[in-house]
Structure formats: structure tokens, C-alpha cells
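Okay, run-v2.pdb is below, PDB, C-alpha atoms:
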```pdb
ATOM      1  CA  MET A 559     119.320 106.937  89.760
ATOM      2  CA  ARG A 560     120.571 108.691  92.902
ATOM      3  CA  ILE A 561     118.581 108.820  96.153
ATOM      4  CA  PRO A 562     119.274 111.606  98.681
ATOM      5  CA  CYS A 563     119.385 109.777 102.023
ATOM      6  CA  PRO A 564     118.760 112.307 104.846
ATOM      7  CA  HIS A 565     121.406 110.557 106.978
ATOM      8  CA  CYS A 566     124.086 109.398 104.521
ATOM      9  CA  GLY A 567     123.786 111.886 101.664
ATOM     10  CA  GLU A 568     123.172 111.108  98.015
ATOM     11  CA  ARG A 569     123.716 107.447  97.128
ATOM     12  CA  GLY A 570     123.180 105.144  94.169
ATOM     13  CA  PHE A 571     119.907 103.224  94.099
ATOM     14  CA  GLN A 572     121.849  99.954  94.343
ATOM     15  CA  GLU A 573     122.250 100.589  98.098
ATOM     16  CA  PHE A 574     118.470 100.606  98.555
ATOM     17  CA  ALA A 575     115.662  98.054  98.428
ATOM     18  CA  TYR A 576     112.376  99.135  96.844
ATOM     19  CA  TYR A 577     109.204  98.201  98.735
ATOM     20  CA  GLY A 578     106.447  99.872  96.714
ATOM     21  CA  ASP A 579     103.815 102.554  97.098
ATOM     22  CA  ALA A 580     104.058 104.577 100.322
ATOM     23  CA  GLY A 581     100.447 105.728 100.169
ATOM     24  CA  PRO A 582      98.221 102.863 101.338
ATOM     25  CA  LYS A 583      97.312 102.903 105.012
ATOM     26  CA  ARG A 584      97.226  99.525 106.748
ATOM     27  CA  PRO A 585      93.712  98.613 107.944
ATOM     28  CA  ALA A 586      93.113  98.311 111.685
ATOM     29  CA  HIS A 587      93.609  94.809 113.052
ATOM     30  CA  GLY A 588      90.533  93.019 114.332
ATOM     31  CA  GLY A 589      87.119  94.564 114.739
ATOM     32  CA  ASP A 590      84.892  94.720 111.691
ATOM     33  CA  THR A 591      87.690  94.841 109.104
ATOM     34  CA  GLY A 592      86.500  92.489 106.383
ATOM     35  CA  GLU A 593      88.405  90.444 103.846
ATOM     36  CA  ASP A 594      87.524  92.898 101.080
ATOM     37  CA  VAL A 595      89.343  95.712 102.922
ATOM     38  CA  TRP A 596      92.455  93.554 103.322
ATOM     39  CA  PHE A 597      92.256  92.429  99.678
ATOM     40  CA  ASP A 598      92.194  96.056  98.533
ATOM     41  CA  TYR A 599      95.128  96.943 100.801
ATOM     42  CA  VAL A 600      97.312  94.025  99.717
ATOM     43  CA  TYR A 601      96.555  93.736  96.002
ATOM     44  CA  LEU A 602      95.086  96.929  94.566
ATOM     45  CA  ARG A 603      97.591  99.640  93.702
ATOM     46  CA  ASP A 604      97.528 102.711  91.508
ATOM     47  CA  ASN A 605     100.065 102.968  88.702
ATOM     48  CA  PRO A 606     100.575 106.741  88.429
ATOM     49  CA  ALA A 607     102.437 108.502  85.649
ATOM     50  CA  GLY A 608     104.406 111.308  87.277
ATOM     51  CA  PRO A 609     105.396 112.177  90.853
ATOM     52  CA  HIS A 610     104.785 109.331  93.292
ATOM     53  CA  GLU A 611     105.740 108.537  96.902
ATOM     54  CA  GLU A 612     107.524 105.206  97.307
ATOM     55  CA  LEU A 613     108.902 103.267 100.249
ATOM     56  CA  TRP A 614     112.617 102.429 100.103
ATOM     57  CA  TYR A 615     114.953 100.788 102.631
ATOM     58  CA  HIS A 616     118.606 101.866 102.840
ATOM     59  CA  ALA A 617     119.939  98.325 103.178
ATOM     60  CA  ALA A 618     123.615  99.055 102.457
ATOM     61  CA  GLY A 619     123.762 102.232 104.522
ATOM     62  CA  CYS A 620     122.011 103.559 107.611
ATOM     63  CA  ARG A 621     119.212 100.936 107.424
ATOM     64  CA  THR A 622     116.532 103.596 107.523
ATOM     65  CA  TRP A 623     113.121 103.352 105.853
ATOM     66  CA  LEU A 624     112.562 106.317 103.523
ATOM     67  CA  VAL A 625     109.651 107.807 101.636
ATOM     68  CA  VAL A 626     111.123 108.832  98.289
ATOM     69  CA  THR A 627     109.276 111.140  95.904
ATOM     70  CA  ARG A 628     110.113 109.961  92.376
ATOM     71  CA  ASN A 629     108.738 110.762  88.944
ATOM     72  CA  THR A 630     107.740 107.421  87.422
ATOM     73  CA  LEU A 631     108.159 108.751  83.870
ATOM     74  CA  THR A 632     111.652 110.241  84.178
ATOM     75  CA  HIS A 633     112.958 108.476  87.336
ATOM     76  CA  GLU A 634     113.927 111.900  88.671
ATOM     77  CA  VAL A 635     114.042 111.867  92.473
ATOM     78  CA  ALA A 636     112.585 115.021  94.022
ATOM     79  CA  GLY A 637     113.481 114.159  97.622
ATOM     80  CA  ALA A 638     113.484 111.653 100.449
ATOM     81  CA  ARG A 639     112.322 111.790 104.059
ATOM     82  CA  PRO A 640     112.503 109.284 106.901
ATOM     83  CA  ALA A 641     109.375 107.127 106.810
ATOM     84  CA  ARG A 642     108.937 107.597 110.562
ATOM     85  CA  ASP A 643     108.556 111.370 110.103
ATOM     86  CA  VAL A 644     106.025 110.860 107.304
ATOM     87  CA  ALA A 645     104.021 108.390 109.429
ATOM     88  CA  LEU A 646     103.962 110.790 112.385
ATOM     89  CA  GLU A 647     102.781 113.649 110.138
ATOM     90  CA  ARG A 648     100.029 111.477 108.667
ATOM     91  CA  SER A 649      98.833 110.288 112.072
ATOM     92  CA  ALA A 650      98.671 113.865 113.359
ATOM     93  CA  ALA A 651      96.583 115.052 110.371
ATOM     94  CA  PRO A 652      92.804 115.149 110.919
TER
END
```
Any chance you could give the structure as C-alpha cells?
Amino acid sequence: MRIPCPHCGERGFQEFAYYGDAGPKRPAHGGDTGEDVWFDYVYLRDNPAGPHEELWYHAAGCRTWLVVTRNTLTHEVAGARPARDVALERSAAP
């Protein structure tokens, strides 16, 4: 599997570390956030068949966190974007 790093170009997956689903949003710290919310965030994950956004770290390259769109059935990688850009887009959305 090849991952298209936006900074280093296309590289083999061996240069990267997989960190899981890029979708869950971390609950706010403090306040009225209960244990059930944290349990859901930490332990409950979807297992989709098809295109899925995943978090990868380019450990043997530019050391950038990436959001990689990968098909879980075929392992085809559709693209990769810096995780910082994705987080900024998500925080700006209503």
C-alpha cells in the first residue's frame, strides 16, 4: 500500500504508523462530560466497509500527522491531507 504524503510524495506504508479512525471528536475536558461520553469516545468505533478516514503518522519521513482516505475493502488510498488542515476545517464548520 502506498500513501501520498503531501510533503514527501508517495511512500510505502512501512514509513507510517496507523493510529485509527480520524472521525471521533474528543469530548470537552471538565464541565458536565460524564464517564459514558468518555467511554464512547475511547472504546466505541465503527467498522465501515468502504471509504474511511484514518489517522496516520509519517514516522520515517516528515513526522506529520495525516488524515488518509482509504477503502477498507480494497486498501486503495484515495488521498491524504495534513491532519491540522482537516481539524481547522472541522472547527470552522457550523
What gap, in Å, lies between CA of Glu612 (chain A) and CA of Pro652 (chain A)?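 Rounded to one decimal, the two atoms are 22.4 Å apart.
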Hey, can you pull every residue with an atom no more than 12 Å from (115.1, 108.7, 88.3), using only C-alpha atoms, and send it as a list of chain:residue names? A:Met559, A:Arg560, A:Ile561, A:Pro562, A:Gly570, A:Phe571, A:Gly608, A:Pro609, A:His610, A:Val626, A:Thr627, A:Arg628, A:Asn629, A:Thr630, A:Leu631, A:Thr632, A:His633, A:Glu634, A:Val635, A:Ala636, A:Gly637
Between A:Arg639, A:Arg621, A:Ser649, A:Gly581, which is the closest to Pro606 (chain A) once you count all atoms listed in the file? A:Gly581
Can you work out which one of A:Arg648, A:Cys620, A:Gly592, A:Trp614 has the shortest atom-to-atom distance to Gly578 (chain A), counting only C-alpha atoms?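 Of A:Arg648, A:Cys620, A:Gly592, A:Trp614, the one nearest Gly578 (chain A), counting only C-alpha atoms, is A:Trp614.
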Using the chain letters and residue numbers of this document, give as JSON, numbers by chain the residues selected by the PyMOL selection byres ((chain A and resi 622) around 12). {"A": [563, 564, 565, 566, 573, 574, 575, 613, 614, 615, 616, 617, 618, 619, 620, 621, 623, 624, 625, 626, 638, 639, 640, 641, 642, 643]}
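For the pair CA of Asp604 (chain A) and CA of Lys583 (chain A), the interatomic distance is 13.5 Å.
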At what distance in Å, to one decimal, does CA of Tyr599 (chain A) lie from CA of Ala645 (chain A)? 16.9 Å
Please determine an axis-aligned box that encloses all atoms of region 573-583 of chain A listed in the file, with 8 Å added on each side, and express its centre and edge lengths in Å to one decimal as lines of an AutoDock Vina configuration file.
```
center_x = 109.8
center_y = 101.9
center_z = 100.9
size_x = 40.9
size_y = 23.7
size_z = 24.3
```
Calculated over all atoms listed in the file, which of the candidates A:Arg584, A:Val644, A:Val595, A:Asp590 has the smallest distance to Glu611 (chain A)? A:Val644
Output region 590-613 of chain A as a PDB file, in the frame of the given file, making sure N, CA and C atoms are there.
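Final output, part20.pdb:
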```pdb
ATOM      1  N   ASP A 590      85.751  95.058 112.825  1.00  0.00           N
ATOM      2  CA  ASP A 590      84.892  94.720 111.691  1.00  0.00           C
ATOM      3  C   ASP A 590      85.610  94.854 110.348  1.00  0.00           C
ATOM      4  N   THR A 591      86.938  94.761 110.347  1.00  0.00           N
ATOM      5  CA  THR A 591      87.690  94.841 109.104  1.00  0.00           C
ATOM      6  C   THR A 591      87.488  93.548 108.325  1.00  0.00           C
ATOM      7  N   GLY A 592      86.827  93.663 107.182  1.00  0.00           N
ATOM      8  CA  GLY A 592      86.500  92.489 106.383  1.00  0.00           C
ATOM      9  C   GLY A 592      87.612  92.104 105.422  1.00  0.00           C
ATOM     10  N   GLU A 593      87.429  90.941 104.807  1.00  0.00           N
ATOM     11  CA  GLU A 593      88.405  90.444 103.846  1.00  0.00           C
ATOM     12  C   GLU A 593      88.551  91.362 102.647  1.00  0.00           C
ATOM     13  N   ASP A 594      87.465  92.007 102.239  1.00  0.00           N
ATOM     14  CA  ASP A 594      87.524  92.898 101.080  1.00  0.00           C
ATOM     15  C   ASP A 594      88.441  94.090 101.345  1.00  0.00           C
ATOM     16  N   VAL A 595      88.459  94.589 102.564  1.00  0.00           N
ATOM     17  CA  VAL A 595      89.343  95.712 102.922  1.00  0.00           C
ATOM     18  C   VAL A 595      90.802  95.269 102.846  1.00  0.00           C
ATOM     19  N   TRP A 596      91.091  94.080 103.377  1.00  0.00           N
ATOM     20  CA  TRP A 596      92.455  93.554 103.322  1.00  0.00           C
ATOM     21  C   TRP A 596      92.869  93.235 101.892  1.00  0.00           C
ATOM     22  N   PHE A 597      91.954  92.708 101.079  1.00  0.00           N
ATOM     23  CA  PHE A 597      92.256  92.429  99.678  1.00  0.00           C
ATOM     24  C   PHE A 597      92.666  93.713  98.963  1.00  0.00           C
ATOM     25  N   ASP A 598      91.881  94.772  99.156  1.00  0.00           N
ATOM     26  CA  ASP A 598      92.194  96.056  98.533  1.00  0.00           C
ATOM     27  C   ASP A 598      93.560  96.565  98.971  1.00  0.00           C
ATOM     28  N   TYR A 599      93.854  96.455 100.263  1.00  0.00           N
ATOM     29  CA  TYR A 599      95.128  96.943 100.801  1.00  0.00           C
ATOM     30  C   TYR A 599      96.322  96.172 100.231  1.00  0.00           C
ATOM     31  N   VAL A 600      96.195  94.858 100.138  1.00  0.00           N
ATOM     32  CA  VAL A 600      97.312  94.025  99.717  1.00  0.00           C
ATOM     33  C   VAL A 600      97.515  94.033  98.207  1.00  0.00           C
ATOM     34  N   TYR A 601      96.426  93.978  97.434  1.00  0.00           N
ATOM     35  CA  TYR A 601      96.555  93.736  96.002  1.00  0.00           C
ATOM     36  C   TYR A 601      96.278  94.917  95.079  1.00  0.00           C
ATOM     37  N   LEU A 602      95.464  95.858  95.482  1.00  0.00           N
ATOM     38  CA  LEU A 602      95.086  96.929  94.566  1.00  0.00           C
ATOM     39  C   LEU A 602      95.991  98.146  94.742  1.00  0.00           C
ATOM     40  N   ARG A 603      96.681  98.507  93.679  1.00  0.00           N
ATOM     41  CA  ARG A 603      97.591  99.640  93.702  1.00  0.00           C
ATOM     42  C   ARG A 603      97.362 100.507  92.467  1.00  0.00           C
ATOM     43  N   ASP A 604      97.559 101.803  92.645  1.00  0.00           N
ATOM     44  CA  ASP A 604      97.528 102.711  91.508  1.00  0.00           C
ATOM     45  C   ASP A 604      98.857 102.592  90.768  1.00  0.00           C
ATOM     46  N   ASN A 605      98.853 102.954  89.505  1.00  0.00           N
ATOM     47  CA  ASN A 605     100.065 102.968  88.702  1.00  0.00           C
ATOM     48  C   ASN A 605     100.188 104.364  88.088  1.00  0.00           C
ATOM     49  N   PRO A 606     100.583 105.358  88.902  1.00  0.00           N
ATOM     50  CA  PRO A 606     100.575 106.741  88.429  1.00  0.00           C
ATOM     51  C   PRO A 606     101.691 107.041  87.428  1.00  0.00           C
ATOM     52  N   ALA A 607     101.428 107.988  86.564  1.00  0.00           N
ATOM     53  CA  ALA A 607     102.437 108.502  85.649  1.00  0.00           C
ATOM     54  C   ALA A 607     102.799 109.898  86.147  1.00  0.00           C
ATOM     55  N   GLY A 608     103.972 110.024  86.729  1.00  0.00           N
ATOM     56  CA  GLY A 608     104.406 111.308  87.277  1.00  0.00           C
ATOM     57  C   GLY A 608     104.902 111.149  88.704  1.00  0.00           C
ATOM     58  N   PRO A 609     104.885 112.230  89.482  1.00  0.00           N
ATOM     59  CA  PRO A 609     105.396 112.177  90.853  1.00  0.00           C
ATOM     60  C   PRO A 609     104.621 111.177  91.713  1.00  0.00           C
ATOM     61  N   HIS A 610     105.369 110.427  92.518  1.00  0.00           N
ATOM     62  CA  HIS A 610     104.785 109.331  93.292  1.00  0.00           C
ATOM     63  C   HIS A 610     105.643 109.101  94.534  1.00  0.00           C
ATOM     64  N   GLU A 611     104.998 108.843  95.679  1.00  0.00           N
ATOM     65  CA  GLU A 611     105.740 108.537  96.902  1.00  0.00           C
ATOM     66  C   GLU A 611     105.921 107.031  97.022  1.00  0.00           C
ATOM     67  N   GLU A 612     107.185 106.617  97.231  1.00  0.00           N
ATOM     68  CA  GLU A 612     107.524 105.206  97.307  1.00  0.00           C
ATOM     69  C   GLU A 612     108.292 104.922  98.596  1.00  0.00           C
ATOM     70  N   LEU A 613     108.204 103.696  99.047  1.00  0.00           N
ATOM     71  CA  LEU A 613     108.902 103.267 100.249  1.00  0.00           C
ATOM     72  C   LEU A 613     110.182 102.541  99.850  1.00  0.00           C
TER      73      LEU A 613
END
```
